[in-house]
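Worksheet: the structure to be examined is printed underneath.
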Amino acid sequence: MKLTAADIKNRAWWEAAGIALPRFDIALMRRRTEESPAWVHFGAGNIFRAFLCAALQRVLDAGAYDRGIIACEAYDGEIIDRVYEPYDGLSLLAVLRPDGQVDKRVLASIARAVKADDQGVRYMEEVFAKASLQMVSLTVTEKAYTPQNPLMGLLCRLLRQRFFACAAPLAMVSMDNCSRNGEKFWQALLPVAEAMVRDGKAPEDFLLYLKESVAFPSTMIDKITPHPDAKIAETLRGMGVEDMDIVRTAKGTVTAAFVNAEQAEYLVVEDAFPAGRPALEMAGILFTDRETVDKVEKMKVGTCLNPLHTALAVLGCLLGFTKISTEMKDEDVRRFVEKLGYEESLPVAEDPGVLSPKAFLDEVLTSRLPNHFLPDTPQRIAADTSQKLPIRFGWTLAATKNRQTLCCVPFVFAAWLRYLTGVDDGGNAFTPSPDPRADEVRTRVAGGLTDDLLSDVTLFGADLVKAGLADKVRAYFGEMMGGKGAVRRALQRVVL
């Protein structure tokens, strides 16, 4: 049986296989979406399907909404060619529960998926011109929010089209893991819009429209969504679901017609939608004010999860691990992330009111990270670490009164610099994950851990020299460079 619109009409087969099917009329939903589009999403990757599409599907299944998401992929169009179009825009979601059970369901909440080529952009211009459009969301990674990114230029052109066509309000919603993502989105888009006005490509009123009618809500999203797992693909094929092969695109994207993810998920959104929105609270999404979102985001990204993830990423690569859950069974590593979480991060975590930092951290350390059914890897998480360090550790550095008492945070910095050498703790060469500043920092490290390097706020989130932590980073790095087993020995001394 294939994952296509025709084959899922055989409901008895899918239900007998234990795969839940949509409970709404897919064809009707797609017609209504074409007539009155409401939600566009840029970034048609795994977390988009595993979280946002699944959330909207629950609302559609309940009969509380009648339109789907229009997905646009602006970075890697091969995703659309290989895992959307052959499957009629359907996906298969495998939720990997900590008890080993796998919940499987067919997702059909995507009304249409397009590439950002000439044809796709013309279609998106038509969509943006319709007053029915309520929200545009993004999962494009935190490094995408710069005025130099071509996506910001495309979005400005589409917003200009909307301004000329109807000037209707809209919410532009970043759902990427970066601090104050709504503000960051606006700050990346505004210079592009100003340049358009300056160059005579848009009138002055266009800027007024953006400032007064377009909202940029803040969000905090959290759901571990690893690359598609070969074991899940094998299981699905064994059940009789065809064409479940894992795809690696020319740009390096790892994807498939199925997506696997953990059961836990959190999405907290500033309720600033001037044109309205779907009733996503029915799917467990929390809507609140910006201040609360900022607190939740700071709690998750800056203290209770993402710093631990980064620590596991660089240490895992250095110690030869290829799975996060296996790494969490290592006593030294587990004790390190517990110390980082409970002793250095949690004390400066501000309670946002809607989620308990202690309960959140407990779940991360006792249930989520050790979930051995979740095939997440240190190598995946280690990508773009230079972009993550200042965000994930900056708050702890800023909020800790006596920063010289910190040991885990500077140890992670030293471990990352050691990781950039591309040699693990056993003396084996490995290829570090992609990172836009890796070559630059590697060159600087070759000249020694100078004050100039360690005072780089853009890398570490603080001036480590002024913070009194530079010598600790140097000492830890020096220990880790002491030959085979040196990283392990340094780690053991920290967790004693």
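By order in the structure tokens, chains are A, B, ...; within a chain, residues start at 1; ligands start at 1, following the order shown.
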
> Which neighbours of stretch 107-120 of chain A fall inside 7 Å, counting only C-alpha atoms, when residues of the same chain fewer than 5 positions from it are skipped, and could you give them as a PyMOL selection string?
Replying inline: chain A and resi 22+26+30+33+53-54+56-57+68-74+77+80+89-93

Those same residues, written as a short mmCIF file (atom, residue, chain, number, x, y, z; two decimals), in the first residue's frame with all heavy atoms?
data_model
loop_
_atom_site.label_atom_id
_atom_site.label_comp_id
_atom_site.auth_asym_id
_atom_site.auth_seq_id
_atom_site.Cartn_x
_atom_site.Cartn_y
_atom_site.Cartn_z
N PRO A 22 -6.75 10.57 8.69
CA PRO A 22 -7.49 11.82 8.92
C PRO A 22 -8.99 11.54 8.96
O PRO A 22 -9.50 10.65 8.27
CB PRO A 22 -7.12 12.68 7.70
CG PRO A 22 -5.85 12.08 7.18
CD PRO A 22 -5.92 10.63 7.48
N ILE A 26 -10.40 15.50 2.91
CA ILE A 26 -9.17 16.13 2.46
C ILE A 26 -9.40 16.98 1.22
O ILE A 26 -8.93 18.12 1.13
CB ILE A 26 -8.09 15.06 2.18
CG1 ILE A 26 -7.79 14.28 3.46
CG2 ILE A 26 -6.82 15.71 1.64
CD1 ILE A 26 -6.91 13.07 3.24
N ARG A 30 -8.85 21.06 0.85
CA ARG A 30 -7.94 21.66 -0.12
C ARG A 30 -8.65 22.66 -1.02
O ARG A 30 -8.07 23.70 -1.36
CB ARG A 30 -7.26 20.55 -0.93
CG ARG A 30 -6.28 19.76 -0.07
CD ARG A 30 -5.56 18.65 -0.83
NE ARG A 30 -4.51 18.06 0.03
CZ ARG A 30 -3.73 17.06 -0.32
NH1 ARG A 30 -3.85 16.50 -1.53
NH2 ARG A 30 -2.82 16.59 0.50
N THR A 33 -9.12 25.79 1.03
CA THR A 33 -7.83 26.47 1.22
C THR A 33 -7.46 27.27 -0.03
O THR A 33 -6.98 28.41 0.08
CB THR A 33 -6.73 25.46 1.56
OG1 THR A 33 -7.11 24.72 2.72
CG2 THR A 33 -5.41 26.18 1.83
N CYS A 53 1.91 20.56 11.49
CA CYS A 53 0.90 19.87 10.69
C CYS A 53 0.07 18.93 11.55
O CYS A 53 -1.15 18.82 11.37
CB CYS A 53 1.56 19.09 9.56
SG CYS A 53 2.36 20.14 8.33
N ALA A 54 0.74 18.26 12.48
CA ALA A 54 0.01 17.36 13.37
C ALA A 54 -0.95 18.13 14.27
O ALA A 54 -2.07 17.67 14.54
CB ALA A 54 1.00 16.56 14.21
N LEU A 56 -2.45 21.10 13.60
CA LEU A 56 -3.60 21.54 12.81
C LEU A 56 -4.51 20.36 12.47
O LEU A 56 -5.74 20.50 12.43
CB LEU A 56 -3.14 22.24 11.53
CG LEU A 56 -4.29 22.80 10.67
CD1 LEU A 56 -5.09 23.85 11.43
CD2 LEU A 56 -3.77 23.37 9.36
N GLN A 57 -3.93 19.21 12.24
CA GLN A 57 -4.75 18.04 11.91
C GLN A 57 -5.71 17.71 13.05
O GLN A 57 -6.85 17.33 12.81
CB GLN A 57 -3.88 16.83 11.60
CG GLN A 57 -4.69 15.58 11.27
CD GLN A 57 -4.12 14.81 10.11
OE1 GLN A 57 -3.66 15.37 9.12
NE2 GLN A 57 -4.16 13.51 10.22
N GLY A 68 -6.30 24.07 5.35
CA GLY A 68 -5.01 23.52 5.68
C GLY A 68 -3.89 24.52 5.54
O GLY A 68 -4.12 25.74 5.40
N ILE A 69 -2.66 24.01 5.55
CA ILE A 69 -1.47 24.84 5.45
C ILE A 69 -0.93 24.77 4.03
O ILE A 69 -0.88 23.70 3.42
CB ILE A 69 -0.38 24.36 6.42
CG1 ILE A 69 -0.92 24.26 7.84
CG2 ILE A 69 0.82 25.31 6.38
CD1 ILE A 69 0.07 23.64 8.83
N ILE A 70 -0.53 25.91 3.51
CA ILE A 70 0.20 25.95 2.24
C ILE A 70 1.68 26.05 2.58
O ILE A 70 2.11 27.00 3.24
CB ILE A 70 -0.23 27.15 1.38
CG1 ILE A 70 -1.71 27.01 1.00
CG2 ILE A 70 0.63 27.26 0.13
CD1 ILE A 70 -2.29 28.24 0.33
N ALA A 71 2.44 25.04 2.18
CA ALA A 71 3.87 24.98 2.52
C ALA A 71 4.71 25.47 1.35
O ALA A 71 4.44 25.14 0.20
CB ALA A 71 4.27 23.56 2.89
N CYS A 72 5.73 26.25 1.67
CA CYS A 72 6.66 26.72 0.65
C CYS A 72 8.09 26.44 1.12
O CYS A 72 8.45 26.80 2.24
CB CYS A 72 6.48 28.22 0.40
SG CYS A 72 7.56 28.88 -0.90
N GLU A 73 8.86 25.78 0.28
CA GLU A 73 10.25 25.46 0.61
C GLU A 73 11.17 26.36 -0.22
O GLU A 73 11.25 26.23 -1.44
CB GLU A 73 10.55 23.99 0.33
CG GLU A 73 11.98 23.59 0.59
CD GLU A 73 12.46 23.95 1.99
OE1 GLU A 73 11.72 23.73 2.97
OE2 GLU A 73 13.60 24.47 2.10
N ALA A 74 11.86 27.28 0.47
CA ALA A 74 12.70 28.25 -0.22
C ALA A 74 14.17 27.87 -0.24
O ALA A 74 14.95 28.47 -0.98
CB ALA A 74 12.55 29.63 0.44
N GLY A 77 14.45 22.85 -2.63
CA GLY A 77 13.27 22.45 -3.39
C GLY A 77 13.19 20.96 -3.65
O GLY A 77 12.10 20.43 -3.96
N ILE A 80 10.43 19.06 -1.86
CA ILE A 80 9.09 19.03 -2.47
C ILE A 80 9.04 17.95 -3.55
O ILE A 80 8.07 17.18 -3.65
CB ILE A 80 8.74 20.41 -3.06
CG1 ILE A 80 8.84 21.50 -1.98
CG2 ILE A 80 7.34 20.38 -3.68
CD1 ILE A 80 7.91 21.33 -0.81
N GLY A 89 1.29 15.13 -1.07
CA GLY A 89 1.33 16.05 0.06
C GLY A 89 1.05 15.40 1.40
O GLY A 89 0.95 16.09 2.42
N LEU A 90 0.93 14.08 1.45
CA LEU A 90 0.68 13.36 2.70
C LEU A 90 2.00 13.03 3.38
O LEU A 90 3.03 12.89 2.73
CB LEU A 90 -0.10 12.08 2.44
CG LEU A 90 -1.43 12.20 1.70
CD1 LEU A 90 -2.00 10.82 1.40
CD2 LEU A 90 -2.42 13.03 2.52
N SER A 91 1.97 12.88 4.69
CA SER A 91 3.13 12.43 5.45
C SER A 91 2.67 11.38 6.44
O SER A 91 1.49 11.32 6.81
CB SER A 91 3.78 13.58 6.21
OG SER A 91 4.32 14.54 5.33
N LEU A 92 3.61 10.58 6.91
CA LEU A 92 3.31 9.59 7.94
C LEU A 92 4.12 9.96 9.18
O LEU A 92 5.34 10.04 9.12
CB LEU A 92 3.65 8.18 7.46
CG LEU A 92 2.95 7.04 8.19
CD1 LEU A 92 2.89 5.79 7.32
CD2 LEU A 92 3.64 6.70 9.51
N LEU A 93 3.44 10.23 10.27
CA LEU A 93 4.09 10.63 11.51
C LEU A 93 4.21 9.43 12.45
O LEU A 93 3.23 8.75 12.73
CB LEU A 93 3.29 11.74 12.19
CG LEU A 93 3.74 12.12 13.61
CD1 LEU A 93 5.15 12.68 13.61
CD2 LEU A 93 2.77 13.14 14.22
#

> Any idea what's packed within 12 Å of stretch 245-248 of chain A, counting only C-alpha atoms, ignoring anything in its chain fewer than 4 positions away? Could you give it as a ChimeraX atom specification?
Replying inline: /A:76,78-84,227-237,241,252-260

Take the selection from the previous step and output its residues with C-alpha atoms, as a CSV table (one decimal), in the first residue's frame.
chain,number,residue,atom,x,y,z
A,76,ASP,CA,15.9,23.0,-0.7
A,78,GLU,CA,14.3,18.8,-3.7
A,79,ILE,CA,12.3,18.2,-0.6
A,80,ILE,CA,9.1,19.0,-2.5
A,81,ASP,CA,10.1,16.9,-5.5
A,82,ARG,CA,11.0,13.8,-3.5
A,83,VAL,CA,8.9,13.6,-0.3
A,84,TYR,CA,5.8,15.8,-1.0
A,227,HIS,CA,16.4,12.7,11.1
A,228,PRO,CA,14.2,9.9,9.8
A,229,ASP,CA,15.3,6.6,11.4
A,230,ALA,CA,16.2,3.6,9.3
A,231,LYS,CA,14.5,1.3,11.9
A,232,ILE,CA,11.2,3.2,11.4
A,233,ALA,CA,11.5,2.9,7.7
A,234,GLU,CA,12.1,-0.8,8.0
A,235,THR,CA,9.1,-1.2,10.3
A,236,LEU,CA,6.8,0.6,7.9
A,237,ARG,CA,8.0,-1.4,4.9
A,241,VAL,CA,3.8,0.6,3.4
A,252,GLY,CA,22.4,17.5,2.5
A,253,THR,CA,18.8,17.5,3.8
A,254,VAL,CA,17.9,14.2,5.3
A,255,THR,CA,14.2,13.5,4.9
A,256,ALA,CA,11.5,11.0,4.0
A,257,ALA,CA,7.8,10.6,3.4
A,258,PHE,CA,7.6,9.8,7.1
A,259,VAL,CA,8.8,11.8,10.1
A,260,ASN,CA,9.7,10.5,13.5

>> Neighbouring residues of A:Phe206 were defined as those with any atom within 9 Å, considering only C-alpha atoms; residues of the same chain fewer than 6 positions away were excluded. Please report them as a PyMOL selection string.
In response: chain A and resi 159-160+163-164+167+193+197

> as JSON, numbers by chain, which residues of stretch 28-199 of chain A does DSSP assign to helix (DSSP H, G or I)?
Replying inline: {"A": [28, 29, 30, 31, 32, 33, 34, 35, 46, 47, 48, 49, 50, 51, 52, 53, 54, 55, 56, 57, 58, 59, 60, 61, 78, 79, 80, 81, 82, 83, 84, 85, 86, 87, 118, 119, 120, 121, 122, 123, 124, 125, 126, 127, 128, 142, 143, 144, 150, 151, 152, 153, 154, 155, 156, 157, 158, 159, 160, 161, 162, 163, 164, 165, 181, 182, 183, 184, 185, 186, 187, 188, 189, 190, 191, 192, 193, 194, 195, 196, 197, 198]}

Would you output that residue set with C-alpha atoms, as a PDB file, in the first residue's frame?
ATOM      1  CA  LEU A  28     -12.898  19.615   0.503  1.00  0.00           C
ATOM      2  CA  MET A  29     -10.260  21.072   2.841  1.00  0.00           C
ATOM      3  CA  ARG A  30      -7.939  21.656  -0.120  1.00  0.00           C
ATOM      4  CA  ARG A  31     -10.619  23.360  -2.190  1.00  0.00           C
ATOM      5  CA  ARG A  32     -11.509  25.694   0.661  1.00  0.00           C
ATOM      6  CA  THR A  33      -7.833  26.474   1.217  1.00  0.00           C
ATOM      7  CA  GLU A  34      -7.342  27.411  -2.436  1.00  0.00           C
ATOM      8  CA  GLU A  35     -10.416  29.653  -2.295  1.00  0.00           C
ATOM      9  CA  ASN A  46      10.677  17.599   9.624  1.00  0.00           C
ATOM     10  CA  ILE A  47       9.586  19.649  12.639  1.00  0.00           C
ATOM     11  CA  PHE A  48       7.012  21.440  10.482  1.00  0.00           C
ATOM     12  CA  ARG A  49       5.298  18.154   9.703  1.00  0.00           C
ATOM     13  CA  ALA A  50       5.867  16.492  13.084  1.00  0.00           C
ATOM     14  CA  PHE A  51       4.496  19.391  15.110  1.00  0.00           C
ATOM     15  CA  LEU A  52       2.618  22.103  13.226  1.00  0.00           C
ATOM     16  CA  CYS A  53       0.904  19.866  10.685  1.00  0.00           C
ATOM     17  CA  ALA A  54       0.015  17.356  13.375  1.00  0.00           C
ATOM     18  CA  ALA A  55      -1.412  20.129  15.577  1.00  0.00           C
ATOM     19  CA  LEU A  56      -3.604  21.537  12.808  1.00  0.00           C
ATOM     20  CA  GLN A  57      -4.755  18.037  11.911  1.00  0.00           C
ATOM     21  CA  ARG A  58      -6.155  17.596  15.420  1.00  0.00           C
ATOM     22  CA  VAL A  59      -8.183  20.775  14.936  1.00  0.00           C
ATOM     23  CA  LEU A  60      -9.349  19.627  11.497  1.00  0.00           C
ATOM     24  CA  ASP A  61     -10.272  16.200  12.842  1.00  0.00           C
ATOM     25  CA  GLU A  78      14.292  18.809  -3.729  1.00  0.00           C
ATOM     26  CA  ILE A  79      12.260  18.154  -0.564  1.00  0.00           C
ATOM     27  CA  ILE A  80       9.092  19.034  -2.468  1.00  0.00           C
ATOM     28  CA  ASP A  81      10.112  16.932  -5.466  1.00  0.00           C
ATOM     29  CA  ARG A  82      10.975  13.821  -3.492  1.00  0.00           C
ATOM     30  CA  VAL A  83       8.875  13.638  -0.321  1.00  0.00           C
ATOM     31  CA  TYR A  84       5.828  15.804  -1.021  1.00  0.00           C
ATOM     32  CA  GLU A  85       4.732  15.469  -4.644  1.00  0.00           C
ATOM     33  CA  PRO A  86       5.091  11.665  -4.973  1.00  0.00           C
ATOM     34  CA  TYR A  87       2.895  11.246  -1.888  1.00  0.00           C
ATOM     35  CA  ASP A 118       9.400  31.169 -10.482  1.00  0.00           C
ATOM     36  CA  GLN A 119       6.172  29.209 -10.659  1.00  0.00           C
ATOM     37  CA  GLY A 120       5.964  28.773  -6.914  1.00  0.00           C
ATOM     38  CA  VAL A 121       6.616  32.452  -6.234  1.00  0.00           C
ATOM     39  CA  ARG A 122       3.866  33.467  -8.661  1.00  0.00           C
ATOM     40  CA  TYR A 123       1.496  31.193  -6.803  1.00  0.00           C
ATOM     41  CA  MET A 124       2.585  32.624  -3.439  1.00  0.00           C
ATOM     42  CA  GLU A 125       1.950  36.131  -4.759  1.00  0.00           C
ATOM     43  CA  GLU A 126      -1.629  35.088  -5.484  1.00  0.00           C
ATOM     44  CA  VAL A 127      -1.968  33.667  -1.978  1.00  0.00           C
ATOM     45  CA  PHE A 128      -0.530  36.768  -0.275  1.00  0.00           C
ATOM     46  CA  GLU A 142      17.969  30.610  13.547  1.00  0.00           C
ATOM     47  CA  LYS A 143      20.793  31.542  11.159  1.00  0.00           C
ATOM     48  CA  ALA A 144      18.247  32.558   8.486  1.00  0.00           C
ATOM     49  CA  PRO A 150      17.297  35.844   0.149  1.00  0.00           C
ATOM     50  CA  LEU A 151      14.244  34.577   2.032  1.00  0.00           C
ATOM     51  CA  MET A 152      13.837  37.992   3.673  1.00  0.00           C
ATOM     52  CA  GLY A 153      13.827  39.582   0.225  1.00  0.00           C
ATOM     53  CA  LEU A 154      11.213  37.120  -0.989  1.00  0.00           C
ATOM     54  CA  LEU A 155       8.990  37.756   2.027  1.00  0.00           C
ATOM     55  CA  CYS A 156       9.260  41.509   1.525  1.00  0.00           C
ATOM     56  CA  ARG A 157       8.198  41.140  -2.104  1.00  0.00           C
ATOM     57  CA  LEU A 158       5.237  39.014  -1.076  1.00  0.00           C
ATOM     58  CA  LEU A 159       4.234  41.495   1.616  1.00  0.00           C
ATOM     59  CA  ARG A 160       4.514  44.300  -0.930  1.00  0.00           C
ATOM     60  CA  GLN A 161       2.168  42.322  -3.181  1.00  0.00           C
ATOM     61  CA  ARG A 162      -0.291  42.045  -0.287  1.00  0.00           C
ATOM     62  CA  PHE A 163       0.010  45.764   0.427  1.00  0.00           C
ATOM     63  CA  PHE A 164      -0.862  46.646  -3.163  1.00  0.00           C
ATOM     64  CA  ALA A 165      -3.640  44.050  -3.434  1.00  0.00           C
ATOM     65  CA  ASN A 181      12.407  35.390  17.524  1.00  0.00           C
ATOM     66  CA  GLY A 182       9.573  37.788  16.716  1.00  0.00           C
ATOM     67  CA  GLU A 183      11.830  40.792  17.198  1.00  0.00           C
ATOM     68  CA  LYS A 184      14.666  39.083  15.349  1.00  0.00           C
ATOM     69  CA  PHE A 185      12.359  38.392  12.411  1.00  0.00           C
ATOM     70  CA  TRP A 186      11.258  42.029  12.272  1.00  0.00           C
ATOM     71  CA  GLN A 187      14.829  43.302  12.536  1.00  0.00           C
ATOM     72  CA  ALA A 188      15.865  41.061   9.620  1.00  0.00           C
ATOM     73  CA  LEU A 189      12.929  42.095   7.444  1.00  0.00           C
ATOM     74  CA  LEU A 190      12.828  45.839   8.114  1.00  0.00           C
ATOM     75  CA  PRO A 191      16.162  46.793   6.451  1.00  0.00           C
ATOM     76  CA  VAL A 192      15.090  44.935   3.308  1.00  0.00           C
ATOM     77  CA  ALA A 193      11.791  46.804   3.225  1.00  0.00           C
ATOM     78  CA  GLU A 194      13.543  50.120   3.834  1.00  0.00           C
ATOM     79  CA  ALA A 195      15.899  49.396   0.931  1.00  0.00           C
ATOM     80  CA  MET A 196      12.906  48.686  -1.306  1.00  0.00           C
ATOM     81  CA  VAL A 197      11.448  52.077  -0.435  1.00  0.00           C
ATOM     82  CA  ARG A 198      14.800  53.799  -0.823  1.00  0.00           C
TER      83      ARG A 198
END

>> Applying 12 Å and only C-alpha atoms, which residues near A:Thr450 remain after dropping the ones on its own chain fewer than 2 positions away? List them as an MDAnalysis selection string.
In response: chainID A and resid 441 443:448 452:456 464:465 470:471 473:474

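Our summary of the geometry notes that atom CA of A:Val301 is positioned 11.5 Å from atom CA of A:Thr219.
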
>> Please report the interatomic distance between atom CA of A:Gly468 and atom CA of A:Glu331 in Å with one decimal.
In response: 29.3 Å

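Near A:Pro370, within a cut-off of 10 Å and counting only C-alpha atoms, sit the residues Pro98, Lys323, Ile324, Ser325, Thr326, Glu327, Met328, Lys329, Arg334, Glu363 and Val364 of chain A, with same-chain residues fewer than 6 positions away left out.
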
> Could you name the residues that touch A:Val337 at 7 Å or less, counting only C-alpha atoms, but leaving out those on the same chain fewer than 4 positions away, as JSON, numbers by chain?
Replying inline: {"A": [308, 333, 341]}

Just the strand (DSSP E or B) stuff from stretch 208-311 of chain A, please, per backbone DSSP, written as a PDB file with N, CA and C atoms, in the first residue's frame.
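Produced file states02.pdb, reproduced below:
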ATOM      1  N   VAL A 214       1.103  44.564  10.338  1.00  0.00           N
ATOM      2  CA  VAL A 214       1.746  43.251  10.322  1.00  0.00           C
ATOM      3  C   VAL A 214       2.384  43.000  11.685  1.00  0.00           C
ATOM      4  N   ALA A 215       1.977  41.912  12.320  1.00  0.00           N
ATOM      5  CA  ALA A 215       2.490  41.563  13.643  1.00  0.00           C
ATOM      6  C   ALA A 215       3.608  40.527  13.525  1.00  0.00           C
ATOM      7  N   THR A 219       7.551  33.375  19.832  1.00  0.00           N
ATOM      8  CA  THR A 219       7.129  32.008  20.096  1.00  0.00           C
ATOM      9  C   THR A 219       8.253  31.240  20.793  1.00  0.00           C
ATOM     10  N   MET A 220       7.882  30.132  21.406  1.00  0.00           N
ATOM     11  CA  MET A 220       8.852  29.163  21.915  1.00  0.00           C
ATOM     12  C   MET A 220       8.357  27.791  21.475  1.00  0.00           C
ATOM     13  N   ILE A 221       9.153  27.106  20.678  1.00  0.00           N
ATOM     14  CA  ILE A 221       8.783  25.781  20.186  1.00  0.00           C
ATOM     15  C   ILE A 221       9.769  24.754  20.713  1.00  0.00           C
ATOM     16  N   ASP A 222       9.260  23.576  21.042  1.00  0.00           N
ATOM     17  CA  ASP A 222      10.127  22.538  21.602  1.00  0.00           C
ATOM     18  C   ASP A 222       9.557  21.167  21.265  1.00  0.00           C
ATOM     19  N   VAL A 247      15.761   9.825   2.250  1.00  0.00           N
ATOM     20  CA  VAL A 247      16.323  10.614   1.149  1.00  0.00           C
ATOM     21  C   VAL A 247      17.373  11.577   1.687  1.00  0.00           C
ATOM     22  N   ARG A 248      18.485  11.679   1.009  1.00  0.00           N
ATOM     23  CA  ARG A 248      19.456  12.738   1.288  1.00  0.00           C
ATOM     24  C   ARG A 248      19.553  13.589   0.028  1.00  0.00           C
ATOM     25  N   VAL A 254      18.274  15.545   5.142  1.00  0.00           N
ATOM     26  CA  VAL A 254      17.868  14.151   5.336  1.00  0.00           C
ATOM     27  C   VAL A 254      16.379  14.136   5.640  1.00  0.00           C
ATOM     28  N   THR A 255      15.612  13.470   4.799  1.00  0.00           N
ATOM     29  CA  THR A 255      14.164  13.515   4.934  1.00  0.00           C
ATOM     30  C   THR A 255      13.547  12.241   4.380  1.00  0.00           C
ATOM     31  N   PHE A 258       8.035   9.836   5.727  1.00  0.00           N
ATOM     32  CA  PHE A 258       7.639   9.753   7.132  1.00  0.00           C
ATOM     33  C   PHE A 258       8.536  10.659   7.960  1.00  0.00           C
ATOM     34  N   VAL A 259       8.063  11.010   9.135  1.00  0.00           N
ATOM     35  CA  VAL A 259       8.850  11.804  10.062  1.00  0.00           C
ATOM     36  C   VAL A 259       8.670  11.196  11.442  1.00  0.00           C
ATOM     37  N   ASN A 260       9.773  11.044  12.190  1.00  0.00           N
ATOM     38  CA  ASN A 260       9.692  10.501  13.547  1.00  0.00           C
ATOM     39  C   ASN A 260      10.069  11.574  14.554  1.00  0.00           C
ATOM     40  N   ALA A 261       9.393  11.557  15.687  1.00  0.00           N
ATOM     41  CA  ALA A 261       9.602  12.598  16.689  1.00  0.00           C
ATOM     42  C   ALA A 261       9.228  12.071  18.061  1.00  0.00           C
ATOM     43  N   GLU A 262       9.713  12.775  19.086  1.00  0.00           N
ATOM     44  CA  GLU A 262       9.349  12.404  20.442  1.00  0.00           C
ATOM     45  C   GLU A 262       7.894  12.769  20.721  1.00  0.00           C
ATOM     46  N   TYR A 266       6.009  21.312  23.059  1.00  0.00           N
ATOM     47  CA  TYR A 266       5.573  22.571  23.647  1.00  0.00           C
ATOM     48  C   TYR A 266       5.633  23.651  22.577  1.00  0.00           C
ATOM     49  N   LEU A 267       4.587  24.446  22.504  1.00  0.00           N
ATOM     50  CA  LEU A 267       4.596  25.635  21.650  1.00  0.00           C
ATOM     51  C   LEU A 267       3.823  26.725  22.371  1.00  0.00           C
ATOM     52  N   VAL A 268       4.548  27.776  22.726  1.00  0.00           N
ATOM     53  CA  VAL A 268       3.956  28.921  23.422  1.00  0.00           C
ATOM     54  C   VAL A 268       4.060  30.115  22.487  1.00  0.00           C
ATOM     55  N   VAL A 269       2.930  30.796  22.250  1.00  0.00           N
ATOM     56  CA  VAL A 269       2.862  31.813  21.208  1.00  0.00           C
ATOM     57  C   VAL A 269       2.255  33.099  21.764  1.00  0.00           C
ATOM     58  N   GLU A 270       2.886  34.199  21.435  1.00  0.00           N
ATOM     59  CA  GLU A 270       2.296  35.500  21.745  1.00  0.00           C
ATOM     60  C   GLU A 270       1.023  35.658  20.921  1.00  0.00           C
ATOM     61  N   LEU A 286      -0.143  26.877  23.584  1.00  0.00           N
ATOM     62  CA  LEU A 286      -0.453  27.909  24.578  1.00  0.00           C
ATOM     63  C   LEU A 286      -0.320  29.289  23.957  1.00  0.00           C
ATOM     64  N   PHE A 287      -1.351  30.109  24.091  1.00  0.00           N
ATOM     65  CA  PHE A 287      -1.317  31.491  23.620  1.00  0.00           C
ATOM     66  C   PHE A 287      -1.339  32.414  24.827  1.00  0.00           C
ATOM     67  N   THR A 288      -0.439  33.378  24.831  1.00  0.00           N
ATOM     68  CA  THR A 288      -0.284  34.232  26.000  1.00  0.00           C
ATOM     69  C   THR A 288       0.288  35.575  25.562  1.00  0.00           C
TER      70      THR A 288
END

>> I need the residue nearest A:Glu344 from this list: A:Thr396, A:Thr249, A:Gln387, A:Gln263. Use only C-alpha atoms for the distance.
In response: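 Closest to A:Glu344, using only C-alpha atoms: A:Thr396.
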
> Between atom CA of A:Tyr342 and atom CA of A:Arg380, what is the distance, to one decimal in Å?
Replying inline: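 Between atom CA of A:Tyr342 and atom CA of A:Arg380 the gap works out to 24.7 Å.
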
> Near A:Ala6, counting only C-alpha atoms, which residues have an atom at most 10 Å away, once you skip same-chain residues fewer than 4 positions from it, shown as a PyMOL selection string?
Replying inline: chain A and resi 1-2+10+87-88

Expected file contents, prior selection, C-alpha atoms, as a tab-separated table (two decimals), in the first residue's frame:
chain	number	residue	atom	x	y	z
A	1	MET	CA	0.00	0.00	0.00
A	2	LYS	CA	1.31	3.45	-0.89
A	10	ASN	CA	-8.73	1.88	1.74
A	87	TYR	CA	2.90	11.25	-1.89
A	88	ASP	CA	0.18	13.80	-2.77

> Which one is closest to A:Ala131: A:Ala275, A:Val106, A:Ala202, A:Leu406? Count only C-alpha atoms.
Replying inline: A:Ala275
